[in-house]
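Below is the file start01.cif, which contains mmCIF, C-alpha atoms.
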```cif
data_input
loop_
_atom_site.label_atom_id
_atom_site.label_comp_id
_atom_site.auth_asym_id
_atom_site.auth_seq_id
_atom_site.Cartn_x
_atom_site.Cartn_y
_atom_site.Cartn_z
CA MET A 1 -53.64 30.84 -27.90
CA THR A 2 -56.97 29.10 -28.04
CA VAL A 3 -60.36 30.76 -28.30
CA ASP A 4 -63.76 29.90 -29.71
CA ASP A 5 -63.31 29.36 -33.45
CA THR A 6 -66.86 30.50 -34.12
CA GLY A 7 -65.98 34.13 -33.57
CA SER A 8 -68.75 34.60 -31.03
CA GLY A 9 -66.32 36.07 -28.54
CA GLU A 10 -67.37 33.65 -25.82
CA VAL A 11 -64.71 31.47 -24.22
CA PRO A 12 -65.73 27.79 -24.21
CA GLU A 13 -65.70 25.64 -21.11
CA VAL A 14 -62.27 24.43 -19.97
CA GLY A 15 -63.23 20.92 -21.02
CA ALA A 16 -63.86 22.20 -24.56
CA GLY A 17 -60.12 22.61 -25.09
CA VAL A 18 -59.35 26.07 -23.72
CA PRO A 19 -57.13 26.32 -20.63
CA GLU A 20 -58.55 28.31 -17.80
CA VAL A 21 -56.71 31.63 -17.45
CA ASP A 22 -55.73 33.05 -14.10
CA GLU A 23 -56.89 36.62 -14.60
CA LYS A 24 -54.79 37.92 -11.69
CA SER A 25 -51.55 36.54 -13.08
CA GLU A 26 -52.38 37.63 -16.65
CA ASP A 27 -53.57 41.17 -15.82
CA PRO A 28 -50.77 43.57 -16.83
CA GLU A 29 -52.73 46.65 -15.73
CA LYS A 30 -51.53 46.02 -12.18
CA ASP A 31 -47.98 46.97 -13.26
CA PRO A 32 -47.93 50.10 -15.43
CA LEU A 33 -44.15 49.86 -15.94
CA ALA A 34 -44.51 46.36 -17.38
CA LEU A 35 -47.04 47.73 -19.88
CA ARG A 36 -44.79 50.67 -20.78
CA LEU A 37 -41.79 48.38 -21.26
CA GLU A 38 -43.81 45.97 -23.38
CA GLY A 39 -45.02 48.84 -25.56
CA LEU A 40 -41.46 50.11 -25.93
CA ILE A 41 -40.05 46.70 -26.85
CA LEU A 42 -42.88 45.63 -29.16
CA GLY A 43 -43.29 49.08 -30.68
CA ALA A 44 -47.09 48.88 -30.53
CA ASP A 45 -49.99 48.84 -28.10
CA ARG A 46 -52.26 45.90 -27.32
CA ARG A 47 -55.20 45.96 -29.71
CA TYR A 48 -56.35 42.43 -30.55
CA THR A 49 -57.70 39.33 -28.90
CA PRO A 50 -56.26 36.11 -30.35
CA PHE A 51 -59.38 35.62 -32.46
CA GLN A 52 -59.24 39.19 -33.79
CA ALA A 53 -55.54 38.81 -34.62
CA ALA A 54 -56.16 35.57 -36.51
CA ARG A 55 -59.04 37.12 -38.44
CA SER A 56 -57.02 40.23 -39.32
CA ALA A 57 -54.14 38.05 -40.50
CA GLY A 58 -56.50 35.97 -42.63
CA VAL A 59 -55.66 32.66 -40.96
CA SER A 60 -57.74 30.12 -39.09
CA MET A 61 -57.80 30.24 -35.33
CA GLU A 62 -56.45 26.69 -35.25
CA LEU A 63 -53.38 27.62 -37.30
CA ALA A 64 -52.83 30.81 -35.32
CA SER A 65 -52.93 28.79 -32.08
CA ARG A 66 -50.38 26.32 -33.47
CA PHE A 67 -48.03 29.16 -34.43
CA TRP A 68 -48.32 30.87 -31.05
CA ARG A 69 -47.80 27.73 -29.04
CA ALA A 70 -44.85 26.76 -31.25
CA MET A 71 -43.24 30.13 -30.48
CA GLY A 72 -43.60 29.32 -26.78
CA PHE A 73 -46.44 31.61 -25.76
CA PRO A 74 -49.27 30.51 -23.45
CA ASP A 75 -53.00 30.43 -24.18
CA ILE A 76 -54.61 33.67 -23.02
CA GLY A 77 -58.28 33.09 -23.66
CA GLN A 78 -60.00 36.30 -24.85
CA ALA A 79 -57.53 38.82 -23.40
CA LYS A 80 -56.79 41.78 -25.67
CA ALA A 81 -53.01 41.31 -25.57
CA LEU A 82 -51.79 41.22 -29.19
CA THR A 83 -50.42 43.96 -31.40
CA GLU A 84 -50.19 44.84 -35.07
CA ALA A 85 -46.77 43.16 -35.13
CA ASP A 86 -48.36 39.88 -34.00
CA VAL A 87 -50.86 40.11 -36.85
CA LEU A 88 -48.07 40.78 -39.34
CA ALA A 89 -46.06 37.79 -38.07
CA LEU A 90 -49.06 35.50 -38.52
CA ARG A 91 -49.69 36.90 -41.98
CA ARG A 92 -46.08 36.35 -43.03
CA LEU A 93 -45.92 32.75 -41.85
CA ALA A 94 -49.26 31.94 -43.45
CA GLY A 95 -48.13 33.68 -46.64
CA LEU A 96 -45.09 31.43 -46.91
CA VAL A 97 -47.40 28.42 -46.65
CA GLU A 98 -49.87 29.80 -49.21
CA ALA A 99 -47.03 30.54 -51.64
CA GLY A 100 -45.83 26.95 -51.37
CA LEU A 101 -42.43 27.99 -49.99
CA LEU A 102 -43.07 26.15 -46.72
CA SER A 103 -45.41 23.36 -45.76
CA GLU A 104 -47.64 24.05 -42.78
CA ALA A 105 -45.61 21.62 -40.68
CA MET A 106 -42.38 23.34 -41.67
CA ALA A 107 -43.83 26.78 -40.84
CA VAL A 108 -44.72 25.51 -37.37
CA GLN A 109 -41.19 24.14 -37.03
CA VAL A 110 -39.75 27.52 -38.03
CA ALA A 111 -41.88 29.15 -35.35
CA ARG A 112 -40.79 26.60 -32.75
CA SER A 113 -37.07 26.75 -33.49
CA THR A 114 -37.07 30.55 -33.55
CA GLY A 115 -39.11 30.76 -30.38
CA GLN A 116 -36.93 28.33 -28.44
CA THR A 117 -33.68 30.01 -29.50
CA THR A 118 -34.79 33.58 -28.84
CA ALA A 119 -36.50 32.66 -25.57
CA ARG A 120 -33.21 31.40 -24.18
CA LEU A 121 -31.42 34.50 -25.45
CA ALA A 122 -34.01 36.83 -23.92
CA GLU A 123 -33.89 35.04 -20.56
CA TRP A 124 -30.10 35.28 -20.49
CA GLN A 125 -30.14 38.97 -21.37
CA ILE A 126 -32.62 39.78 -18.63
CA ASP A 127 -31.10 37.52 -15.95
CA SER A 128 -27.45 38.29 -16.55
CA PHE A 129 -27.15 41.42 -18.65
CA LEU A 130 -29.93 43.84 -17.80
CA GLU A 131 -30.06 42.79 -14.16
CA GLY A 132 -26.49 43.93 -13.63
CA LEU A 133 -26.87 47.12 -15.63
CA THR A 134 -30.03 48.25 -13.87
CA GLU A 135 -28.45 48.49 -10.45
CA PRO A 136 -29.45 51.97 -9.26
CA PRO A 137 -26.49 54.30 -9.94
CA GLU A 138 -27.42 56.71 -7.14
CA PRO A 139 -28.85 56.24 -3.63
CA GLY A 140 -32.58 56.71 -3.57
CA MET A 141 -33.14 55.61 -7.16
CA THR A 142 -35.12 52.46 -7.80
CA ARG A 143 -34.39 49.78 -10.35
CA THR A 144 -37.71 50.69 -11.95
CA GLU A 145 -36.54 54.27 -12.61
CA VAL A 146 -33.41 52.99 -14.37
CA THR A 147 -34.88 50.19 -16.45
CA TYR A 148 -37.02 52.07 -18.96
CA PRO A 149 -34.40 54.57 -20.25
CA LEU A 150 -31.77 51.81 -20.32
CA VAL A 151 -33.95 49.52 -22.43
CA GLU A 152 -34.80 52.46 -24.67
CA LEU A 153 -31.09 53.02 -25.36
CA LEU A 154 -30.10 49.38 -25.72
CA LEU A 155 -33.01 48.06 -27.76
CA PRO A 156 -32.06 49.33 -31.24
CA GLU A 157 -28.41 48.37 -30.79
CA LEU A 158 -29.19 44.86 -29.58
CA GLU A 159 -31.73 44.40 -32.36
CA GLU A 160 -29.20 45.37 -35.04
CA PHE A 161 -26.58 43.09 -33.52
CA LEU A 162 -29.02 40.17 -33.33
CA VAL A 163 -29.88 40.50 -37.03
CA TYR A 164 -26.18 40.78 -37.93
CA VAL A 165 -25.24 37.59 -36.02
CA TRP A 166 -28.23 35.72 -37.43
CA ARG A 167 -27.26 36.62 -40.99
CA ARG A 168 -23.67 35.55 -40.34
CA GLN A 169 -24.79 32.23 -38.89
CA LEU A 170 -27.27 31.69 -41.72
CA ALA A 171 -24.55 32.33 -44.31
CA ALA A 172 -22.20 29.86 -42.61
CA ALA A 173 -24.88 27.17 -42.28
CA THR A 174 -26.01 27.62 -45.89
CA GLY A 175 -22.43 27.31 -47.08
CA ARG A 176 -22.00 24.02 -45.25
CA VAL A 177 -25.22 22.60 -46.67
CA VAL A 178 -24.63 23.50 -50.32
CA GLN A 179 -21.19 21.89 -50.17
CA ALA A 180 -22.76 18.55 -49.27
CA ALA A 181 -21.96 15.77 -51.72
CA ASP A 182 -25.61 15.08 -52.57
CA ASP A 183 -29.15 15.98 -51.57
CA GLU A 184 -29.40 13.15 -49.05
CA GLU A 185 -26.27 14.33 -47.27
CA MET A 186 -27.87 17.73 -46.71
CA VAL A 187 -30.07 16.14 -44.04
CA ASP A 188 -28.15 13.04 -42.94
CA ARG A 189 -24.51 14.11 -42.91
CA ARG A 190 -21.25 12.48 -41.86
CA LEU A 191 -19.87 14.46 -38.98
CA ALA A 192 -17.56 14.12 -36.01
CA VAL A 193 -19.57 14.56 -32.81
CA GLY A 194 -17.95 15.17 -29.43
CA PHE A 195 -19.17 15.37 -25.83
CA ALA A 196 -17.06 17.06 -23.15
CA ASP A 197 -18.11 16.30 -19.57
CA LEU A 198 -16.94 17.71 -16.23
CA VAL A 199 -15.92 14.87 -13.89
CA GLY A 200 -17.58 14.73 -10.47
CA PHE A 201 -20.03 17.54 -11.16
CA THR A 202 -22.78 15.96 -9.04
CA ARG A 203 -20.49 15.97 -5.99
CA LEU A 204 -19.63 19.60 -6.66
CA THR A 205 -23.29 20.57 -6.55
CA ARG A 206 -23.45 19.33 -2.94
CA ARG A 207 -20.34 21.22 -1.83
CA MET A 208 -20.57 24.55 -3.64
CA GLU A 209 -22.89 27.48 -3.09
CA GLU A 210 -25.36 28.15 -5.90
CA GLU A 211 -23.59 31.34 -6.97
CA GLU A 212 -20.19 29.60 -7.09
CA LEU A 213 -21.67 26.71 -9.05
CA GLY A 214 -23.26 29.11 -11.52
CA GLU A 215 -19.95 30.88 -12.05
CA LEU A 216 -18.16 27.58 -12.63
CA VAL A 217 -20.73 26.42 -15.19
CA GLU A 218 -20.63 29.76 -16.97
CA ALA A 219 -16.81 29.70 -17.10
CA PHE A 220 -16.85 26.15 -18.48
CA GLU A 221 -19.47 26.90 -21.11
CA THR A 222 -17.73 30.13 -22.16
CA THR A 223 -14.32 28.47 -22.45
CA ALA A 224 -15.74 25.52 -24.36
CA ALA A 225 -17.76 27.71 -26.72
CA ASP A 226 -14.73 29.89 -27.50
CA LEU A 227 -12.44 26.91 -28.16
CA VAL A 228 -14.99 25.11 -30.33
CA ALA A 229 -15.61 28.21 -32.44
CA ALA A 230 -11.95 29.24 -32.70
CA HIS A 231 -10.88 25.86 -34.08
CA GLY A 232 -13.65 25.46 -36.64
CA GLY A 233 -16.25 23.40 -34.81
CA ARG A 234 -19.88 24.16 -33.99
CA LEU A 235 -21.27 24.22 -30.48
CA ILE A 236 -24.56 22.29 -30.62
CA LYS A 237 -25.70 22.80 -27.03
CA THR A 238 -24.59 23.08 -23.43
CA LEU A 239 -26.04 21.01 -20.59
CA GLY A 240 -24.49 22.61 -17.53
CA ASP A 241 -21.66 20.16 -16.89
CA GLU A 242 -21.52 18.94 -20.50
CA VAL A 243 -21.13 20.42 -23.96
CA LEU A 244 -21.93 18.84 -27.31
CA TYR A 245 -20.08 19.97 -30.42
CA ALA A 246 -19.70 18.86 -34.01
CA ALA A 247 -17.12 19.27 -36.77
CA ASP A 248 -17.05 18.46 -40.45
CA ASP A 249 -13.79 16.51 -40.19
CA ALA A 250 -12.13 14.29 -37.62
CA GLY A 251 -8.95 16.37 -37.39
CA THR A 252 -10.87 19.46 -36.30
CA ALA A 253 -12.86 17.52 -33.71
CA ALA A 254 -9.68 15.94 -32.33
CA GLU A 255 -7.92 19.29 -32.01
CA ILE A 256 -10.90 20.77 -30.16
CA ALA A 257 -11.06 17.82 -27.75
CA LEU A 258 -7.40 18.01 -26.83
CA ARG A 259 -7.50 21.79 -26.51
CA LEU A 260 -10.41 21.46 -24.10
CA ILE A 261 -8.53 18.92 -21.99
CA GLU A 262 -5.35 21.04 -21.97
CA THR A 263 -7.14 24.30 -21.18
CA MET A 264 -9.18 22.87 -18.31
CA ALA A 265 -6.15 21.06 -16.87
CA ASN A 266 -4.33 24.40 -16.64
CA ASP A 267 -7.18 25.99 -14.68
CA GLU A 268 -7.04 25.05 -11.00
CA THR A 269 -10.64 26.15 -10.45
CA MET A 270 -11.98 23.62 -12.96
CA PRO A 271 -12.73 19.93 -12.35
CA GLU A 272 -11.15 17.29 -14.55
CA LEU A 273 -12.65 16.75 -17.98
CA ARG A 274 -13.31 13.77 -20.21
CA VAL A 275 -14.26 13.74 -23.89
CA GLY A 276 -15.80 11.15 -26.19
CA ILE A 277 -15.94 11.49 -29.99
CA ALA A 278 -17.58 9.40 -32.71
CA PHE A 279 -17.66 9.79 -36.48
CA GLY A 280 -20.52 8.84 -38.76
CA THR A 281 -23.93 9.71 -40.16
CA VAL A 282 -25.83 12.27 -38.11
CA THR A 283 -29.36 13.58 -38.50
CA THR A 284 -29.71 17.32 -37.88
CA ARG A 285 -32.97 18.90 -36.72
CA MET A 286 -33.58 22.42 -35.42
CA GLY A 287 -29.88 22.95 -34.74
CA ASP A 288 -29.55 19.70 -32.78
CA VAL A 289 -28.00 16.37 -33.83
CA PHE A 290 -29.39 12.87 -33.41
CA GLY A 291 -28.58 9.27 -34.22
CA THR A 292 -26.36 6.35 -33.31
CA THR A 293 -23.19 8.41 -33.80
CA VAL A 294 -24.34 10.91 -31.18
CA ASN A 295 -25.33 8.13 -28.76
CA LEU A 296 -21.95 6.44 -29.21
CA ALA A 297 -20.07 9.68 -28.50
CA SER A 298 -22.09 10.08 -25.29
CA ARG A 299 -21.33 6.50 -24.19
CA LEU A 300 -17.61 6.93 -24.92
CA THR A 301 -17.59 10.04 -22.74
CA SER A 302 -19.06 8.13 -19.82
CA ILE A 303 -16.25 5.52 -19.92
CA ALA A 304 -13.36 7.86 -20.81
CA PRO A 305 -10.53 8.23 -18.25
CA ARG A 306 -10.14 11.57 -16.51
CA ASP A 307 -8.45 14.24 -18.64
CA ALA A 308 -8.51 11.94 -21.65
CA VAL A 309 -10.25 11.56 -25.02
CA LEU A 310 -11.82 8.32 -26.24
CA VAL A 311 -12.86 7.92 -29.89
CA ASP A 312 -14.62 5.17 -31.82
CA GLY A 313 -13.15 2.99 -34.58
CA ALA A 314 -14.71 5.02 -37.40
CA PHE A 315 -13.14 8.19 -36.02
CA ALA A 316 -9.74 6.50 -35.73
CA GLU A 317 -10.02 5.26 -39.33
CA GLU A 318 -10.88 8.77 -40.52
CA LEU A 319 -7.84 10.28 -38.78
CA THR A 320 -5.68 7.61 -40.43
CA ARG A 321 -7.25 8.17 -43.85
CA THR A 322 -6.58 11.91 -43.75
CA GLY A 323 -2.98 11.44 -42.56
CA ASP A 324 -3.59 13.07 -39.17
CA ALA A 325 -2.61 9.90 -37.30
CA PRO A 326 -0.64 6.75 -38.19
CA ALA A 327 -2.43 3.41 -38.41
CA SER A 328 -0.01 2.15 -35.75
CA GLU A 329 3.22 3.22 -34.12
CA ALA A 330 4.99 0.32 -35.85
CA ASP A 331 3.85 1.62 -39.25
CA ALA A 332 4.97 5.13 -38.32
CA ALA A 333 8.41 3.88 -37.29
CA ALA A 334 8.79 1.83 -40.49
CA LEU A 335 7.82 4.80 -42.68
CA ALA A 336 10.23 7.09 -40.82
CA GLU A 337 13.07 4.58 -41.24
CA ARG A 338 12.36 4.19 -44.95
CA ALA A 339 12.24 7.96 -45.46
CA GLU A 340 15.55 8.39 -43.66
CA LYS A 341 17.24 5.77 -45.90
CA GLU A 342 15.92 7.48 -49.01
CA GLY A 343 16.95 10.91 -47.80
CA GLU A 344 13.38 12.17 -47.57
CA GLU A 345 11.41 13.90 -44.86
CA PRO A 346 9.51 11.37 -42.74
CA PRO A 347 5.74 11.76 -42.56
CA THR A 348 4.47 13.90 -39.70
CA TYR A 349 1.32 13.23 -37.72
CA ARG A 350 -0.69 15.49 -35.44
CA PHE A 351 -2.26 12.79 -33.30
CA ALA A 352 -1.55 9.37 -31.84
CA LEU A 353 -4.08 6.57 -31.38
CA GLN A 354 -3.86 3.76 -28.85
CA PRO A 355 -6.36 0.86 -29.07
CA MET A 356 -8.15 0.03 -25.83
CA TRP A 357 -9.86 -3.15 -24.70
CA GLN A 358 -13.10 -3.97 -26.43
CA ARG A 359 -16.08 -3.56 -24.18
CA PRO A 360 -19.87 -3.74 -24.33
CA VAL A 361 -21.61 -0.39 -24.47
CA ARG A 362 -25.23 -0.23 -23.38
CA GLY A 363 -27.55 -0.16 -26.36
CA LEU A 364 -24.73 -0.23 -28.92
CA GLY A 365 -23.12 -3.67 -28.54
CA VAL A 366 -19.37 -4.23 -28.31
CA VAL A 367 -17.11 -1.32 -29.31
CA GLU A 368 -13.35 -0.89 -29.48
CA PRO A 369 -12.47 2.59 -28.20
CA TRP A 370 -9.21 4.31 -29.02
CA LEU A 371 -7.32 6.68 -26.74
CA LEU A 372 -6.51 9.92 -28.58
CA ALA A 373 -3.43 11.98 -27.72
CA ARG A 374 -1.11 14.48 -29.29
CA ARG A 375 1.85 12.95 -31.06
CA SER A 376 5.04 13.92 -29.27
#
```

Once more with this new file: its structure as structure tokens, please.
Amino acid sequence: MTVDDTGSGEVPEVGAGVPEVDEKSEDPEKDPLALRLEGLILGADRRYTPFQAARSAGVSMELASRFWRAMGFPDIGQAKALTEADVLALRRLAGLVEAGLLSEAMAVQVARSTGQTTARLAEWQIDSFLEGLTEPPEPGMTRTEVTYPLVELLLPELEEFLVYVWRRQLAAATGRVVQAADDEEMVDRRLAVGFADLVGFTRLTRRMEEEELGELVEAFETTAADLVAAHGGRLIKTLGDEVLYAADDAGTAAEIALRLIETMANDETMPELRVGIAFGTVTTRMGDVFGTTVNLASRLTSIAPRDAVLVDGAFAEELTRTGDAPASEADAAALAERAEKEGEEPPTYRFALQPMWQRPVRGLGVVEPWLLARRS
């Protein structure tokens, strides 16, 4: 939120760096319920302009503006729209910087990552959750009459649950990081990265009604999220017709991929699926993953056959190294024959790998993909 840093209370010209505010769209007084709901949710009334909030928090207007924009909130000029909680949030972030616990850039990144994550959560809760629950229970009642008491009941429960899940996720993420082999691996880690993509989704968008399409996407995302979590992976993000997940080891990523294929194939309402997986160094930022390994997994997905999983050479080598797949079927047969002669149990493998033709992949040169399957 940008205002005059001089404290004069006058809003500079638009050309001076402050966006012009549409007073009609920003005026909450026109909707008393919106003000009441905001007060209920925030737990405080509007008291401060952005400049007053920054001054009360003891931070510069420039830093306050960076924090607010990072959290995803628009510039509001000189409107008195902020509360005591906003001042406290500014003070806490600035305090972490002053104490040397976070750099200023890192504090802004914390604000941005938190804002982006919670914004999506809030939108989902309003669009899908509260919208359904606030259907008037009796004829003659309006949605407005139902909303306030419902939010009043749900708010403390949802807040407690949000904090609980966040702590659980933080504990899991911290555990993964501290187990890294060295400090460098804490940032650039070796992971298996997989993309799962619905085949023919663009054609479906032309044939299906919006509501049907939304239900299909939600079913796909829900099924994928449940399978990824249940088998020890981490869902990185969903992109409508595509999901991106990661796992610490190749065996886990392979199991998830095949489970996804099998589950979708057994659902007549779902399109066919294809999956691509790569293994290697990955850079993680704000819960997302980047790098050549991620790009390769995406490219493998685009060339994978329907209802099949393609993996790169590094992933195939990792499965072989861990004993989850044989180096070749000939080697597996030879080992089984030797074990039988010596009266021992032959080695067992979870997965089978079939080399495919080498092919050029845009931006990554020539790769040799492997077809992944369950070992019969």

Q: Rank nothing, just name the residue among A:Leu198, A:Ile256, A:Glu262, A:Ala99 nearest to Gly240 of chain A, using all atoms listed in the file.
A: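 Checking each candidate against Gly240 of chain A, we get A:Leu198 as the closest.
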
Q: Considering only C-alpha atoms, return as a ChimeraX atom specification whatever protein or nucleic-acid residues lie within 7 Å of segment 350-352 of chain A, sequence-local ones (same chain, fewer than 2 positions apart) excluded.
A: /A:324-326,348,354,372-375

Q | Who sits within 7 Å of Leu82 of chain A, only C-alpha atoms, same chain under 2 positions skipped, as a PyMOL selection string | A | chain A and resi 46-50+80+86

Excluding Ala225 of chain A and any residue of its chain fewer than 2 positions from it, enumerate the residues within 9 Å of it, using all atoms listed in the file, and give them as a tab-separated table (two decimals) with C-alpha atoms, in the coordinates of the input.
```
chain	number	residue	atom	x	y	z
A	220	PHE	CA	-16.85	26.15	-18.48
A	221	GLU	CA	-19.47	26.90	-21.11
A	222	THR	CA	-17.73	30.13	-22.16
A	223	THR	CA	-14.32	28.47	-22.45
A	227	LEU	CA	-12.44	26.91	-28.16
A	228	VAL	CA	-14.99	25.11	-30.33
A	229	ALA	CA	-15.61	28.21	-32.44
A	230	ALA	CA	-11.95	29.24	-32.70
A	234	ARG	CA	-19.88	24.16	-33.99
A	235	LEU	CA	-21.27	24.22	-30.48
A	238	THR	CA	-24.59	23.08	-23.43
A	243	VAL	CA	-21.13	20.42	-23.96
A	245	TYR	CA	-20.08	19.97	-30.42
```

Q: Give me the result of the PyMOL selection byres ((chain A and resi 364) around 12) on this file, residue by residue, as a ChimeraX atom specification.
A: /A:291-300,312,359-363,365-368

Dump as a JSON list (two decimals), in the coordinates of the input, selection limited to C-alpha atoms:
```json
[["chain", "number", "residue", "atom", "x", "y", "z"],
["A", 291, "GLY", "CA", -28.58, 9.27, -34.22],
["A", 292, "THR", "CA", -26.36, 6.35, -33.31],
["A", 293, "THR", "CA", -23.19, 8.41, -33.80],
["A", 294, "VAL", "CA", -24.34, 10.91, -31.18],
["A", 295, "ASN", "CA", -25.33, 8.13, -28.76],
["A", 296, "LEU", "CA", -21.95, 6.44, -29.21],
["A", 297, "ALA", "CA", -20.07, 9.68, -28.50],
["A", 298, "SER", "CA", -22.09, 10.08, -25.29],
["A", 299, "ARG", "CA", -21.33, 6.50, -24.19],
["A", 300, "LEU", "CA", -17.61, 6.93, -24.92],
["A", 312, "ASP", "CA", -14.62, 5.17, -31.82],
["A", 359, "ARG", "CA", -16.08, -3.56, -24.18],
["A", 360, "PRO", "CA", -19.87, -3.74, -24.33],
["A", 361, "VAL", "CA", -21.61, -0.39, -24.47],
["A", 362, "ARG", "CA", -25.23, -0.23, -23.38],
["A", 363, "GLY", "CA", -27.55, -0.16, -26.36],
["A", 365, "GLY", "CA", -23.12, -3.67, -28.54],
["A", 366, "VAL", "CA", -19.37, -4.23, -28.31],
["A", 367, "VAL", "CA", -17.11, -1.32, -29.31],
["A", 368, "GLU", "CA", -13.35, -0.89, -29.48]]
```

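Proximity to Val309 of chain A was assessed for A:Tyr349, A:Ser56, A:Val275, A:Tyr148 counting only C-alpha atoms; the smallest distance is recorded for A:Val275.
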
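The smallest atom-to-atom distance between Ala308 of chain A and any of A:Pro74, A:Gly323, A:Gly276, A:Gly287, using all atoms listed in the file, is found for A:Gly276.
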
Q: Tell me which residues the PyMOL selection byres ((chain A and resi 106) around 12) grabs here, as a PyMOL selection string.
A: chain A and resi 66-67+70+93-94+96-97+100-105+107-113+285-286

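The interatomic distance for the pair atom CA of Leu204 of chain A and atom CA of Glu255 of chain A works out to 27.9 Å.
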
Q) When you draw a straight line from atom CA of Ala304 of chain A to atom CA of Trp370 of chain A, how long is it in Å? A)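 Atom-to-atom, atom CA of Ala304 of chain A to atom CA of Trp370 of chain A, that is 9.9 Å.
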
Q | Chain and number of each residue from the PyMOL selection byres ((chain A and resi 201) around 10), as an MDAnalysis selection string | A | chainID A and resid 197:200 202:206 213 217 240:242 271:272

Q: Between A:Gly77, A:Pro369, A:Gly233, A:Gly95, single out the one closest to Ala254 of chain A, counting only C-alpha atoms.
A: A:Gly233

Got a minute to add N, CA and C atoms to segment 96-114 of chain A and dump it as an mmCIF file, in the frame of the given file?
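result_1.cif, freshly written:
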```
data_model
loop_
_atom_site.group_PDB
_atom_site.id
_atom_site.type_symbol
_atom_site.label_atom_id
_atom_site.label_comp_id
_atom_site.auth_asym_id
_atom_site.auth_seq_id
_atom_site.Cartn_x
_atom_site.Cartn_y
_atom_site.Cartn_z
ATOM 1 N N LEU A 96 -46.104 32.368 -46.423
ATOM 2 C CA LEU A 96 -45.090 31.430 -46.910
ATOM 3 C C LEU A 96 -45.709 30.068 -47.220
ATOM 4 N N VAL A 97 -46.711 29.683 -46.406
ATOM 5 C CA VAL A 97 -47.400 28.420 -46.650
ATOM 6 C C VAL A 97 -48.252 28.513 -47.911
ATOM 7 N N GLU A 98 -49.000 29.618 -48.045
ATOM 8 C CA GLU A 98 -49.870 29.800 -49.210
ATOM 9 C C GLU A 98 -49.065 29.849 -50.500
ATOM 10 N N ALA A 99 -47.862 30.432 -50.443
ATOM 11 C CA ALA A 99 -47.030 30.540 -51.640
ATOM 12 C C ALA A 99 -46.331 29.235 -51.986
ATOM 13 N N GLY A 100 -46.454 28.245 -51.112
ATOM 14 C CA GLY A 100 -45.830 26.950 -51.370
ATOM 15 C C GLY A 100 -44.356 26.921 -51.027
ATOM 16 N N LEU A 101 -43.843 27.964 -50.367
ATOM 17 C CA LEU A 101 -42.430 27.990 -49.990
ATOM 18 C C LEU A 101 -42.168 27.121 -48.770
ATOM 19 N N LEU A 102 -43.166 27.013 -47.901
ATOM 20 C CA LEU A 102 -43.070 26.150 -46.720
ATOM 21 C C LEU A 102 -44.347 25.340 -46.600
ATOM 22 N N SER A 103 -44.211 24.115 -46.131
ATOM 23 C CA SER A 103 -45.410 23.360 -45.760
ATOM 24 C C SER A 103 -45.894 23.905 -44.418
ATOM 25 N N GLU A 104 -47.125 23.588 -44.063
ATOM 26 C CA GLU A 104 -47.640 24.050 -42.780
ATOM 27 C C GLU A 104 -46.817 23.500 -41.630
ATOM 28 N N ALA A 105 -46.428 22.219 -41.728
ATOM 29 C CA ALA A 105 -45.610 21.620 -40.680
ATOM 30 C C ALA A 105 -44.256 22.306 -40.557
ATOM 31 N N MET A 106 -43.675 22.672 -41.701
ATOM 32 C CA MET A 106 -42.380 23.340 -41.670
ATOM 33 C C MET A 106 -42.511 24.749 -41.082
ATOM 34 N N ALA A 107 -43.609 25.441 -41.389
ATOM 35 C CA ALA A 107 -43.830 26.780 -40.840
ATOM 36 C C ALA A 107 -43.931 26.705 -39.313
ATOM 37 N N VAL A 108 -44.620 25.693 -38.807
ATOM 38 C CA VAL A 108 -44.720 25.510 -37.370
ATOM 39 C C VAL A 108 -43.333 25.222 -36.781
ATOM 40 N N GLN A 109 -42.541 24.441 -37.492
ATOM 41 C CA GLN A 109 -41.190 24.140 -37.030
ATOM 42 C C GLN A 109 -40.317 25.389 -37.008
ATOM 43 N N VAL A 110 -40.480 26.250 -38.017
ATOM 44 C CA VAL A 110 -39.750 27.520 -38.030
ATOM 45 C C VAL A 110 -40.129 28.351 -36.804
ATOM 46 N N ALA A 111 -41.426 28.407 -36.515
ATOM 47 C CA ALA A 111 -41.880 29.150 -35.350
ATOM 48 C C ALA A 111 -41.301 28.574 -34.062
ATOM 49 N N ARG A 112 -41.287 27.243 -33.968
ATOM 50 C CA ARG A 112 -40.790 26.600 -32.750
ATOM 51 C C ARG A 112 -39.291 26.811 -32.566
ATOM 52 N N SER A 113 -38.523 26.601 -33.613
ATOM 53 C CA SER A 113 -37.070 26.750 -33.490
ATOM 54 C C SER A 113 -36.691 28.193 -33.182
ATOM 55 N N THR A 114 -37.358 29.141 -33.811
ATOM 56 C CA THR A 114 -37.070 30.550 -33.550
ATOM 57 C C THR A 114 -37.479 30.923 -32.138
#
```
